[in-house]
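S.K.: So I've got this file, final35.cif, and it contains mmCIF, C-alpha atoms:
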```cif
data_input
#
loop_
_atom_site.group_PDB
_atom_site.id
_atom_site.type_symbol
_atom_site.label_atom_id
_atom_site.label_comp_id
_atom_site.auth_asym_id
_atom_site.auth_seq_id
_atom_site.Cartn_x
_atom_site.Cartn_y
_atom_site.Cartn_z
ATOM 1 C CA GLY B 1 142.386 92.621 90.149
ATOM 2 C CA HIS B 2 143.367 95.074 92.840
ATOM 3 C CA MET B 3 141.240 97.853 91.336
ATOM 4 C CA GLY B 4 138.107 96.753 93.195
ATOM 5 C CA VAL B 5 139.637 96.345 96.651
ATOM 6 C CA PRO B 6 139.475 99.913 98.029
ATOM 7 C CA ALA B 7 135.792 100.235 97.095
ATOM 8 C CA ARG B 8 134.996 97.215 99.243
ATOM 9 C CA GLY B 9 137.137 98.505 102.129
ATOM 10 C CA CYS B 10 136.116 100.656 105.060
ATOM 11 C CA ALA B 11 136.091 103.824 102.998
ATOM 12 C CA GLY B 12 133.096 102.516 101.071
ATOM 13 C CA ALA B 13 131.009 101.377 104.008
ATOM 14 C CA PRO B 14 129.901 104.711 105.507
ATOM 15 C CA ARG B 15 129.049 105.981 102.043
ATOM 16 C CA LEU B 16 126.709 103.033 101.469
ATOM 17 C CA ARG B 17 125.030 103.526 104.821
ATOM 18 C CA ARG B 18 124.503 107.191 104.144
ATOM 19 C CA CYS B 19 122.871 106.411 100.797
ATOM 20 C CA LYS B 20 120.501 104.014 102.515
ATOM 21 C CA GLU B 21 119.350 106.652 104.983
ATOM 22 C CA GLU B 22 118.794 109.164 102.197
ATOM 23 C CA ARG B 23 116.904 106.610 100.159
ATOM 24 C CA ILE B 24 114.501 105.955 103.039
ATOM 25 C CA ALA B 25 113.597 109.642 103.028
ATOM 26 C CA MET B 26 112.396 109.406 99.429
ATOM 27 C CA ALA B 27 109.031 108.062 98.308
ATOM 28 C CA GLU B 28 108.739 104.605 96.794
ATOM 29 C CA LEU B 29 108.364 105.031 93.031
ATOM 30 C CA LEU B 30 105.370 103.034 91.810
ATOM 31 C CA LYS B 31 106.572 102.301 88.302
ATOM 32 C CA GLY B 32 104.197 100.800 85.767
ATOM 33 C CA ALA B 33 106.641 98.619 83.834
ATOM 34 C CA PRO B 34 106.936 95.802 86.434
ATOM 35 C CA VAL B 35 103.136 95.700 86.746
ATOM 36 C CA ALA B 36 102.718 95.453 82.968
ATOM 37 C CA ARG B 37 105.456 92.779 82.780
ATOM 38 C CA ALA B 38 103.799 90.561 85.411
ATOM 39 C CA LEU B 39 100.436 90.946 83.696
ATOM 40 C CA THR B 40 101.884 90.235 80.256
ATOM 41 C CA GLU B 41 103.501 86.989 81.448
ATOM 42 C CA GLU B 42 100.145 85.732 82.707
ATOM 43 C CA LEU B 43 98.425 86.797 79.468
ATOM 44 C CA VAL B 44 100.985 85.024 77.262
ATOM 45 C CA ALA B 45 100.061 81.728 78.925
ATOM 46 C CA ARG B 46 96.325 82.346 78.463
ATOM 47 C CA CYS B 47 96.903 83.333 74.838
ATOM 48 C CA VAL B 48 98.846 80.126 74.176
ATOM 49 C CA ALA B 49 95.962 78.111 75.660
ATOM 50 C CA LEU B 50 93.484 79.879 73.354
ATOM 51 C CA ARG B 51 95.638 79.388 70.261
ATOM 52 C CA GLU B 52 96.015 75.692 71.086
ATOM 53 C CA ARG B 53 92.228 75.493 70.829
ATOM 54 C CA GLY B 54 92.342 77.258 67.470
ATOM 55 C CA VAL B 55 91.255 80.663 68.797
ATOM 56 C CA VAL B 56 93.417 83.609 67.741
ATOM 57 C CA PRO B 57 92.680 86.540 70.100
ATOM 58 C CA THR B 58 92.136 89.536 67.814
ATOM 59 C CA LEU B 59 91.835 93.276 68.453
ATOM 60 C CA ALA B 60 90.466 95.752 65.909
ATOM 61 C CA ILE B 61 91.884 99.260 66.324
ATOM 62 C CA VAL B 62 89.695 101.957 64.770
ATOM 63 C CA ARG B 63 91.522 105.223 64.159
ATOM 64 C CA VAL B 64 89.954 108.247 62.489
ATOM 65 C CA GLY B 65 92.575 110.734 61.311
ATOM 66 C CA GLU B 66 96.201 111.086 62.419
ATOM 67 C CA ARG B 67 96.234 112.615 65.901
ATOM 68 C CA GLU B 68 99.673 112.379 67.463
ATOM 69 C CA ASP B 69 98.471 111.013 70.827
ATOM 70 C CA ASP B 70 96.349 108.368 69.047
ATOM 71 C CA LEU B 71 99.386 107.305 67.020
ATOM 72 C CA SER B 72 101.548 107.036 70.128
ATOM 73 C CA TYR B 73 98.957 104.957 72.023
ATOM 74 C CA GLU B 74 98.470 102.799 68.917
ATOM 75 C CA ARG B 75 102.203 102.058 68.741
ATOM 76 C CA GLY B 76 102.152 100.976 72.386
ATOM 77 C CA ALA B 77 99.034 98.849 71.897
ATOM 78 C CA LEU B 78 100.470 97.101 68.828
ATOM 79 C CA LYS B 79 103.708 96.350 70.665
ATOM 80 C CA ARG B 80 101.804 94.946 73.663
ATOM 81 C CA CYS B 81 99.572 92.798 71.441
ATOM 82 C CA GLU B 82 102.656 91.354 69.764
ATOM 83 C CA LYS B 83 104.224 90.511 73.136
ATOM 84 C CA VAL B 84 101.085 88.722 74.317
ATOM 85 C CA GLY B 85 100.298 86.964 71.036
ATOM 86 C CA ILE B 86 97.202 88.961 70.113
ATOM 87 C CA GLU B 87 96.569 89.715 66.447
ATOM 88 C CA ALA B 88 95.875 93.410 65.872
ATOM 89 C CA ARG B 89 93.991 94.699 62.844
ATOM 90 C CA ARG B 90 93.975 98.400 62.111
ATOM 91 C CA VAL B 91 90.912 100.051 60.610
ATOM 92 C CA LEU B 92 92.222 103.407 59.413
ATOM 93 C CA LEU B 93 89.746 106.062 58.292
ATOM 94 C CA SER B 94 90.389 109.586 57.054
ATOM 95 C CA ALA B 95 89.528 112.522 59.303
ATOM 96 C CA ASP B 96 86.676 113.540 56.958
ATOM 97 C CA VAL B 97 84.971 110.113 57.126
ATOM 98 C CA SER B 98 81.159 110.238 57.187
ATOM 99 C CA GLN B 99 79.093 109.073 60.146
ATOM 100 C CA ASP B 100 77.607 106.270 58.009
ATOM 101 C CA GLU B 101 81.007 104.980 56.910
ATOM 102 C CA LEU B 102 82.181 104.876 60.506
ATOM 103 C CA LEU B 103 79.025 103.068 61.656
ATOM 104 C CA THR B 104 79.506 100.541 58.825
ATOM 105 C CA ALA B 105 83.081 99.898 60.018
ATOM 106 C CA ILE B 106 81.772 99.262 63.558
ATOM 107 C CA GLU B 107 79.040 96.981 62.188
ATOM 108 C CA ASP B 108 81.672 94.958 60.305
ATOM 109 C CA ILE B 109 83.566 94.458 63.581
ATOM 110 C CA ASN B 110 80.343 93.417 65.361
ATOM 111 C CA THR B 111 79.535 90.738 62.779
ATOM 112 C CA ASP B 112 83.089 89.392 62.372
ATOM 113 C CA SER B 113 83.350 86.490 64.808
ATOM 114 C CA ALA B 114 87.142 86.427 64.373
ATOM 115 C CA VAL B 115 87.407 89.860 66.070
ATOM 116 C CA HIS B 116 87.115 89.718 69.876
ATOM 117 C CA GLY B 117 87.772 93.312 70.882
ATOM 118 C CA CYS B 118 87.549 96.823 69.458
ATOM 119 C CA LEU B 119 89.465 99.925 70.497
ATOM 120 C CA MET B 120 88.278 103.173 68.929
ATOM 121 C CA PHE B 121 90.297 106.312 69.519
ATOM 122 C CA ARG B 122 88.423 109.250 70.972
ATOM 123 C CA PRO B 123 87.683 112.082 70.768
ATOM 124 C CA LEU B 124 86.479 111.698 67.168
ATOM 125 C CA PRO B 125 86.858 114.624 64.758
ATOM 126 C CA ALA B 126 84.149 117.297 64.943
ATOM 127 C CA GLY B 127 80.975 116.457 63.073
ATOM 128 C CA LEU B 128 80.911 112.805 64.119
ATOM 129 C CA ASP B 129 78.473 111.671 66.815
ATOM 130 C CA GLU B 130 80.720 109.859 69.253
ATOM 131 C CA ASN B 131 77.843 108.655 71.434
ATOM 132 C CA ALA B 132 76.021 107.095 68.493
ATOM 133 C CA VAL B 133 79.171 105.319 67.341
ATOM 134 C CA ALA B 134 79.961 104.104 70.864
ATOM 135 C CA ALA B 135 76.407 102.808 71.319
ATOM 136 C CA ALA B 136 76.639 100.895 68.014
ATOM 137 C CA LEU B 137 79.481 98.660 69.211
ATOM 138 C CA ASP B 138 78.658 95.195 70.564
ATOM 139 C CA PRO B 139 79.339 95.508 74.335
ATOM 140 C CA ALA B 140 80.953 92.046 74.327
ATOM 141 C CA LYS B 141 83.719 93.481 72.098
ATOM 142 C CA ASP B 142 83.976 96.791 73.950
ATOM 143 C CA VAL B 143 87.421 96.316 75.523
ATOM 144 C CA ASP B 144 87.939 99.991 76.440
ATOM 145 C CA SER B 145 84.541 100.780 77.933
ATOM 146 C CA MET B 146 82.965 103.153 75.445
ATOM 147 C CA THR B 147 79.444 101.657 75.325
ATOM 148 C CA PRO B 148 76.768 102.628 77.866
ATOM 149 C CA ALA B 149 76.507 98.943 78.840
ATOM 150 C CA SER B 150 80.191 98.746 79.816
ATOM 151 C CA LEU B 151 79.968 101.919 81.840
ATOM 152 C CA LEU B 152 76.875 100.664 83.664
ATOM 153 C CA ALA B 153 78.599 97.340 84.410
ATOM 154 C CA THR B 154 81.618 99.202 85.805
ATOM 155 C CA LEU B 155 79.568 101.585 87.937
ATOM 156 C CA SER B 156 77.127 98.938 89.206
ATOM 157 C CA GLY B 157 79.513 95.990 89.481
ATOM 158 C CA ARG B 158 76.988 93.899 87.539
ATOM 159 C CA GLY B 159 77.204 92.344 84.108
ATOM 160 C CA GLU B 160 80.035 91.367 81.817
ATOM 161 C CA GLY B 161 81.254 94.779 80.654
ATOM 162 C CA PHE B 162 84.917 95.770 80.692
ATOM 163 C CA ALA B 163 86.119 98.691 82.821
ATOM 164 C CA PRO B 164 87.999 101.577 81.189
ATOM 165 C CA CYS B 165 91.631 100.452 80.774
ATOM 166 C CA THR B 166 93.076 103.434 82.652
ATOM 167 C CA ALA B 167 90.766 102.982 85.649
ATOM 168 C CA GLU B 168 91.618 99.292 85.862
ATOM 169 C CA ALA B 169 95.320 100.153 85.479
ATOM 170 C CA VAL B 170 95.075 102.261 88.655
ATOM 171 C CA LEU B 171 93.762 99.254 90.616
ATOM 172 C CA ALA B 172 96.288 96.871 89.067
ATOM 173 C CA LEU B 173 99.078 99.222 90.155
ATOM 174 C CA LEU B 174 97.757 99.516 93.729
ATOM 175 C CA ASP B 175 97.380 95.729 93.956
ATOM 176 C CA HIS B 176 100.822 95.001 92.531
ATOM 177 C CA TYR B 177 102.504 97.203 95.130
ATOM 178 C CA GLY B 178 100.377 95.797 97.973
ATOM 179 C CA VAL B 179 98.533 99.007 98.825
ATOM 180 C CA GLU B 180 95.681 98.103 101.195
ATOM 181 C CA LEU B 181 92.303 99.240 99.810
ATOM 182 C CA ASP B 182 89.946 97.682 102.369
ATOM 183 C CA GLY B 183 88.863 100.488 104.693
ATOM 184 C CA ALA B 184 91.308 102.981 103.139
ATOM 185 C CA LYS B 185 90.303 106.616 102.660
ATOM 186 C CA VAL B 186 90.706 107.608 99.021
ATOM 187 C CA ALA B 187 90.367 111.032 97.413
ATOM 188 C CA VAL B 188 89.644 110.764 93.686
ATOM 189 C CA VAL B 189 90.224 114.140 92.058
ATOM 190 C CA GLY B 190 88.202 114.296 88.835
ATOM 191 C CA ARG B 191 84.728 113.049 87.891
ATOM 192 C CA SER B 192 84.939 112.116 84.209
ATOM 193 C CA LEU B 193 83.232 108.982 82.931
ATOM 194 C CA VAL B 194 86.557 107.863 81.474
ATOM 195 C CA ILE B 195 88.443 107.698 84.773
ATOM 196 C CA GLY B 196 87.091 109.592 87.823
ATOM 197 C CA HIS B 197 83.676 107.940 88.209
ATOM 198 C CA PRO B 198 84.753 104.422 87.163
ATOM 199 C CA VAL B 199 87.826 104.367 89.421
ATOM 200 C CA ALA B 200 85.735 105.660 92.352
ATOM 201 C CA ALA B 201 83.179 102.871 91.778
ATOM 202 C CA MET B 202 85.889 100.205 91.459
ATOM 203 C CA LEU B 203 87.633 101.370 94.649
ATOM 204 C CA THR B 204 84.309 101.423 96.490
ATOM 205 C CA ALA B 205 83.688 97.846 95.336
ATOM 206 C CA ARG B 206 87.003 96.976 97.005
ATOM 207 C CA ASN B 207 85.730 98.472 100.306
ATOM 208 C CA ALA B 208 87.618 101.751 100.149
ATOM 209 C CA THR B 209 85.878 104.892 101.402
ATOM 210 C CA VAL B 210 85.968 107.256 98.449
ATOM 211 C CA THR B 211 85.552 111.015 98.251
ATOM 212 C CA THR B 212 85.100 112.317 94.709
ATOM 213 C CA CYS B 213 86.603 115.785 94.382
ATOM 214 C CA HIS B 214 86.358 118.236 91.481
ATOM 215 C CA THR B 215 86.672 121.890 90.497
ATOM 216 C CA HIS B 216 83.907 122.947 92.914
ATOM 217 C CA THR B 217 85.314 121.081 95.921
ATOM 218 C CA ARG B 218 85.801 123.416 98.876
ATOM 219 C CA ASP B 219 89.405 123.226 100.148
ATOM 220 C CA LEU B 220 90.622 120.518 97.802
ATOM 221 C CA ALA B 221 94.019 120.395 99.554
ATOM 222 C CA ALA B 222 92.396 119.474 102.892
ATOM 223 C CA GLU B 223 90.323 116.701 101.249
ATOM 224 C CA CYS B 224 93.492 115.256 99.712
ATOM 225 C CA ARG B 225 95.510 115.536 102.934
ATOM 226 C CA ALA B 226 92.806 113.614 104.826
ATOM 227 C CA ALA B 227 93.106 110.650 102.413
ATOM 228 C CA ASP B 228 95.423 107.632 102.608
ATOM 229 C CA ILE B 229 95.422 107.384 98.810
ATOM 230 C CA VAL B 230 95.008 110.209 96.299
ATOM 231 C CA VAL B 231 94.070 109.430 92.688
ATOM 232 C CA ALA B 232 94.620 112.547 90.571
ATOM 233 C CA ALA B 233 92.686 112.506 87.283
ATOM 234 C CA VAL B 234 91.838 116.039 86.195
ATOM 235 C CA GLY B 235 94.181 116.638 83.278
ATOM 236 C CA ARG B 236 95.687 119.856 84.604
ATOM 237 C CA ALA B 237 99.302 120.193 85.737
ATOM 238 C CA HIS B 238 100.077 121.171 89.349
ATOM 239 C CA THR B 239 96.502 120.559 90.564
ATOM 240 C CA ILE B 240 97.889 118.650 93.551
ATOM 241 C CA GLY B 241 100.544 120.783 95.239
ATOM 242 C CA VAL B 242 102.638 120.390 98.374
ATOM 243 C CA ASP B 243 99.718 121.652 100.516
ATOM 244 C CA ALA B 244 97.618 118.642 99.399
ATOM 245 C CA VAL B 245 100.005 115.891 100.540
ATOM 246 C CA ARG B 246 101.314 114.493 103.826
ATOM 247 C CA GLU B 247 103.577 111.735 105.115
ATOM 248 C CA GLY B 248 102.412 108.167 104.667
ATOM 249 C CA GLN B 249 100.280 108.773 101.599
ATOM 250 C CA THR B 250 100.148 106.884 98.308
ATOM 251 C CA ILE B 251 99.718 109.172 95.288
ATOM 252 C CA ILE B 252 98.468 107.820 91.952
ATOM 253 C CA ASP B 253 98.845 110.385 89.164
ATOM 254 C CA VAL B 254 96.704 109.651 86.096
ATOM 255 C CA GLY B 255 97.238 113.034 84.426
ATOM 256 C CA ILE B 256 99.288 113.439 81.264
ATOM 257 C CA ASN B 257 99.932 117.101 80.522
ATOM 258 C CA TRP B 258 102.451 118.904 78.343
ATOM 259 C CA ASP B 259 104.349 121.442 80.443
ATOM 260 C CA GLU B 260 105.417 124.275 78.105
ATOM 261 C CA ASP B 261 107.932 125.764 80.554
ATOM 262 C CA ALA B 262 109.615 122.466 81.431
ATOM 263 C CA GLY B 263 109.279 121.146 77.881
ATOM 264 C CA LYS B 264 108.150 117.717 79.046
ATOM 265 C CA LEU B 265 105.172 115.570 80.049
ATOM 266 C CA VAL B 266 103.974 115.993 83.634
ATOM 267 C CA GLY B 267 101.043 114.657 85.650
ATOM 268 C CA ASP B 268 98.400 116.456 87.709
ATOM 269 C CA VAL B 269 100.630 116.281 90.793
ATOM 270 C CA ASP B 270 103.555 118.589 91.479
ATOM 271 C CA PHE B 271 105.932 115.612 91.618
ATOM 272 C CA VAL B 272 109.007 117.547 92.761
ATOM 273 C CA ALA B 273 107.112 118.983 95.728
ATOM 274 C CA ALA B 274 105.179 115.826 96.665
ATOM 275 C CA GLU B 275 107.835 113.146 96.234
ATOM 276 C CA PRO B 276 109.993 114.024 99.277
ATOM 277 C CA VAL B 277 106.894 114.102 101.519
ATOM 278 C CA VAL B 278 104.732 111.092 100.625
ATOM 279 C CA ASN B 279 105.232 107.354 101.111
ATOM 280 C CA ALA B 280 104.735 106.280 97.488
ATOM 281 C CA ILE B 281 104.023 108.017 94.175
ATOM 282 C CA THR B 282 103.671 107.117 90.497
ATOM 283 C CA PRO B 283 105.997 108.822 88.021
ATOM 284 C CA VAL B 284 104.641 110.532 84.870
ATOM 285 C CA PRO B 285 105.414 109.219 82.356
ATOM 286 C CA GLY B 286 106.122 105.603 83.355
ATOM 287 C CA GLY B 287 103.380 105.080 85.944
ATOM 288 C CA VAL B 288 99.706 104.382 85.263
ATOM 289 C CA GLY B 289 100.115 104.932 81.525
ATOM 290 C CA ALA B 290 102.628 102.100 81.296
ATOM 291 C CA VAL B 291 99.980 99.655 82.562
ATOM 292 C CA THR B 292 97.041 100.637 80.317
ATOM 293 C CA THR B 293 98.025 98.651 77.213
ATOM 294 C CA ALA B 294 98.545 95.542 79.360
ATOM 295 C CA ILE B 295 94.977 95.948 80.676
ATOM 296 C CA LEU B 296 93.748 96.419 77.101
ATOM 297 C CA ALA B 297 95.432 93.120 76.173
ATOM 298 C CA LYS B 298 93.872 91.462 79.241
ATOM 299 C CA HIS B 299 90.415 92.547 78.077
ATOM 300 C CA VAL B 300 91.001 91.152 74.580
ATOM 301 C CA ILE B 301 92.103 87.803 76.054
ATOM 302 C CA GLU B 302 89.043 87.780 78.360
ATOM 303 C CA ALA B 303 86.724 88.592 75.440
ATOM 304 C CA ALA B 304 88.266 85.772 73.408
ATOM 305 C CA GLU B 305 87.897 83.352 76.342
ATOM 306 C CA ARG B 306 84.211 84.317 76.799
ATOM 307 C CA ALA B 307 83.442 84.091 73.067
ATOM 308 C CA SER B 308 85.045 80.652 72.725
ATOM 309 C CA LYS B 309 83.501 78.971 75.781
#
```
Produce structure tokens that represent the structure in this file.
M.R.:
Amino acid sequence: GHMGVPARGCAGAPRLRRCKEERIAMAELLKGAPVARALTEELVARCVALRERGVVPTLAIVRVGEREDDLSYERGALKRCEKVGIEARRVLLSADVSQDELLTAIEDINTDSAVHGCLMFRPLPAGLDENAVAAALDPAKDVDSMTPASLLATLSGRGEGFAPCTAEAVLALLDHYGVELDGAKVAVVGRSLVIGHPVAAMLTARNATVTTCHTHTRDLAAECRAADIVVAAVGRAHTIGVDAVREGQTIIDVGINWDEDAGKLVGDVDFVAAEPVVNAITPVPGGVGAVTTAILAKHVIEAAERASK
């Protein structure tokens, strides 16, 4: 009825225009959900094709103990598998499991041809040799890059290994939002084998010019300011402050930190300070993390496709 008329009249027009101008001044939010959705749609089709050939893509999730962050990632992974059509099997072991028992569980996964991928939560409880367990897994089933072979494949660009899900999620996000990597200057802050090194290698393979920064980097803020893209992966809140950002930049925040004072999860970037300045930025939570389980599912589908050729 008449209720809607004034809002569409002249009184509403300037307000709309003003909003538009304000919105332009804010960074584009690079949310993970649309990226994961697009990926999941593609994976559903590939999963259907596999199942039509009698192949049921299957992921084994190995969890030792009951760590809260493991449980939360597991819930997300199970939900994603269900959406795609992947069967997930959980191998649950108590926190005081022996090294031998754990190695036997990995061996069972290696020899079971119905299982295409394995995700083992790390870090393992103290007293277990994580490297030995990681090395025991068949690299063909290593969908989250814990074997030396996968890491080498990621760093060298050779071989069949899968990249770490988080590192690949960073690239999937950049690609989805059309961020140009060829010739771009990228500062990667952090040098872990889980994210920093792999993401630097993957960006270099895409013809970006990458500077790897870390705790000993002289004038970290200047290194970040000089970059077109900053990938923050140190695991410490407020590492990237307002002095490290400038107009036109794309900021990818991989950090997930609990902020006691704020009582919430935050990234490595001071979002409140950076967001009004930069061109585009990922939220935490809801950015890179929202894409990781979709990449995990992609790896399981790829492993199933390779195994059933």
S.K.: Could you check which of B:Ala60, B:Met202, B:Ala274, B:Val143 is closest to Ser113 in chain B, using only C-alpha atoms?
M.R.: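 The closest residue to Ser113 in chain B is B:Ala60.
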S.K.: Residue by residue, what does the PyMOL selection byres ((chain B and resi 179-189) around 8) grab here? Present the result as a ChimeraX atom specification.
M.R.: /B:174-178,190-191,196,199-200,203,206-214,223-224,226-234
S.K.: In terms of the shortest atom-to-atom distance over all atoms listed in the file, which of B:Asp243, B:Val269, B:Val254, B:Ala77 is closest to Gly289 in chain B?
M.R.: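 Nearest candidate to Gly289 in chain B out of B:Asp243, B:Val269, B:Val254, B:Ala77: B:Val254.
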S.K.: Apply the PyMOL selection byres ((chain B and resi 34) around 10) to the structure shown and report the selected residues as a VMD selection string.
M.R.: chain B and resid 30 to 33 35 to 40 173 176 to 177 287 290 to 291
S.K.: Give the answer as one residue: which of B:Glu275, B:Asp69, B:Glu42, B:Glu52 has the shortest atom-to-atom distance to Asn257 in chain B, using all atoms listed in the file?
M.R.: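 Closest candidate: B:Asp69.
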S.K.: Considering only C-alpha atoms, state which residue in the set B:Ala140, B:Ala294, B:Ala169, B:Ser156 is at the smallest distance from Val44 in chain B.
M.R.: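 Of all the options, B:Ala294 lies closest to Val44 in chain B.
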S.K.: Given 3 Å on each side, where is the centre and what are the edge lengths in Å to one decimal of the axis-aligned box enclosing the listed atoms of range 247-259 of chain B, as lines of an AutoDock Vina configuration file?
M.R.:
```
center_x = 100.5
center_y = 114.2
center_z = 91.7
size_x = 13.6
size_y = 20.6
size_z = 32.8
```
S.K.: Check what the PyMOL selection byres ((chain B and resi 94-105) around 8) selects in the file above and give those residues as a PyMOL selection string.
M.R.: chain B and resi 64-66+91-93+106-109+125+128-129+133+136
S.K.: Save the residues we just selected, C-alpha atoms, as an mmCIF file, keeping the file's coordinate frame?
M.R.:
```
data_model
loop_
_atom_site.group_PDB
_atom_site.id
_atom_site.type_symbol
_atom_site.label_atom_id
_atom_site.label_comp_id
_atom_site.auth_asym_id
_atom_site.auth_seq_id
_atom_site.Cartn_x
_atom_site.Cartn_y
_atom_site.Cartn_z
ATOM 1 C CA VAL B 64 89.954 108.247 62.489
ATOM 2 C CA GLY B 65 92.575 110.734 61.311
ATOM 3 C CA GLU B 66 96.201 111.086 62.419
ATOM 4 C CA VAL B 91 90.912 100.051 60.610
ATOM 5 C CA LEU B 92 92.222 103.407 59.413
ATOM 6 C CA LEU B 93 89.746 106.062 58.292
ATOM 7 C CA ILE B 106 81.772 99.262 63.558
ATOM 8 C CA GLU B 107 79.040 96.981 62.188
ATOM 9 C CA ASP B 108 81.672 94.958 60.305
ATOM 10 C CA ILE B 109 83.566 94.458 63.581
ATOM 11 C CA PRO B 125 86.858 114.624 64.758
ATOM 12 C CA LEU B 128 80.911 112.805 64.119
ATOM 13 C CA ASP B 129 78.473 111.671 66.815
ATOM 14 C CA VAL B 133 79.171 105.319 67.341
ATOM 15 C CA ALA B 136 76.639 100.895 68.014
#
```
S.K.: From the set B:Pro139, B:Met146, B:Arg218, B:Ala132, which residue has the shortest atom-to-atom contact distance to Gly161 in chain B, counting only C-alpha atoms?
M.R.: B:Pro139
S.K.: So, with all atoms listed in the file as the atoms that count, which of B:Ile86, B:Arg67, B:Arg236, B:Val272 lies closest to Asp259 in chain B?
M.R.: B:Arg236
S.K.: So what do you get for CA of Ala201 in chain B versus CA of Leu155 in chain B, distance-wise?
M.R.: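 Taking CA of Ala201 in chain B and CA of Leu155 in chain B, their separation equals 5.4 Å.
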S.K.: Quick one: pull the distance between CA of Lys79 in chain B and CA of Leu43 in chain B, Å, one decimal.
M.R.: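 If I compute the distance from CA of Lys79 in chain B to CA of Leu43 in chain B, I get 14.0 Å.
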S.K.: Work out how far apart CA of Pro283 in chain B and CA of Met120 in chain B are and give it in Å to one decimal.
M.R.: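 A separation of 26.7 Å between them.
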S.K.: I'd like the neighbourhood of Val284 in chain B as a list in words, where a residue qualifies if any of its atoms comes within 9 Å (using all atoms listed in the file), though same-chain residues fewer than 4 positions away should be ignored.
M.R.: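 Near Val284 in chain B, the qualifying residues are Asp253, Val254, Gly255, Ile256, Leu265, Val266, Gly267, Phe271, Val288 and Gly289 of chain B.
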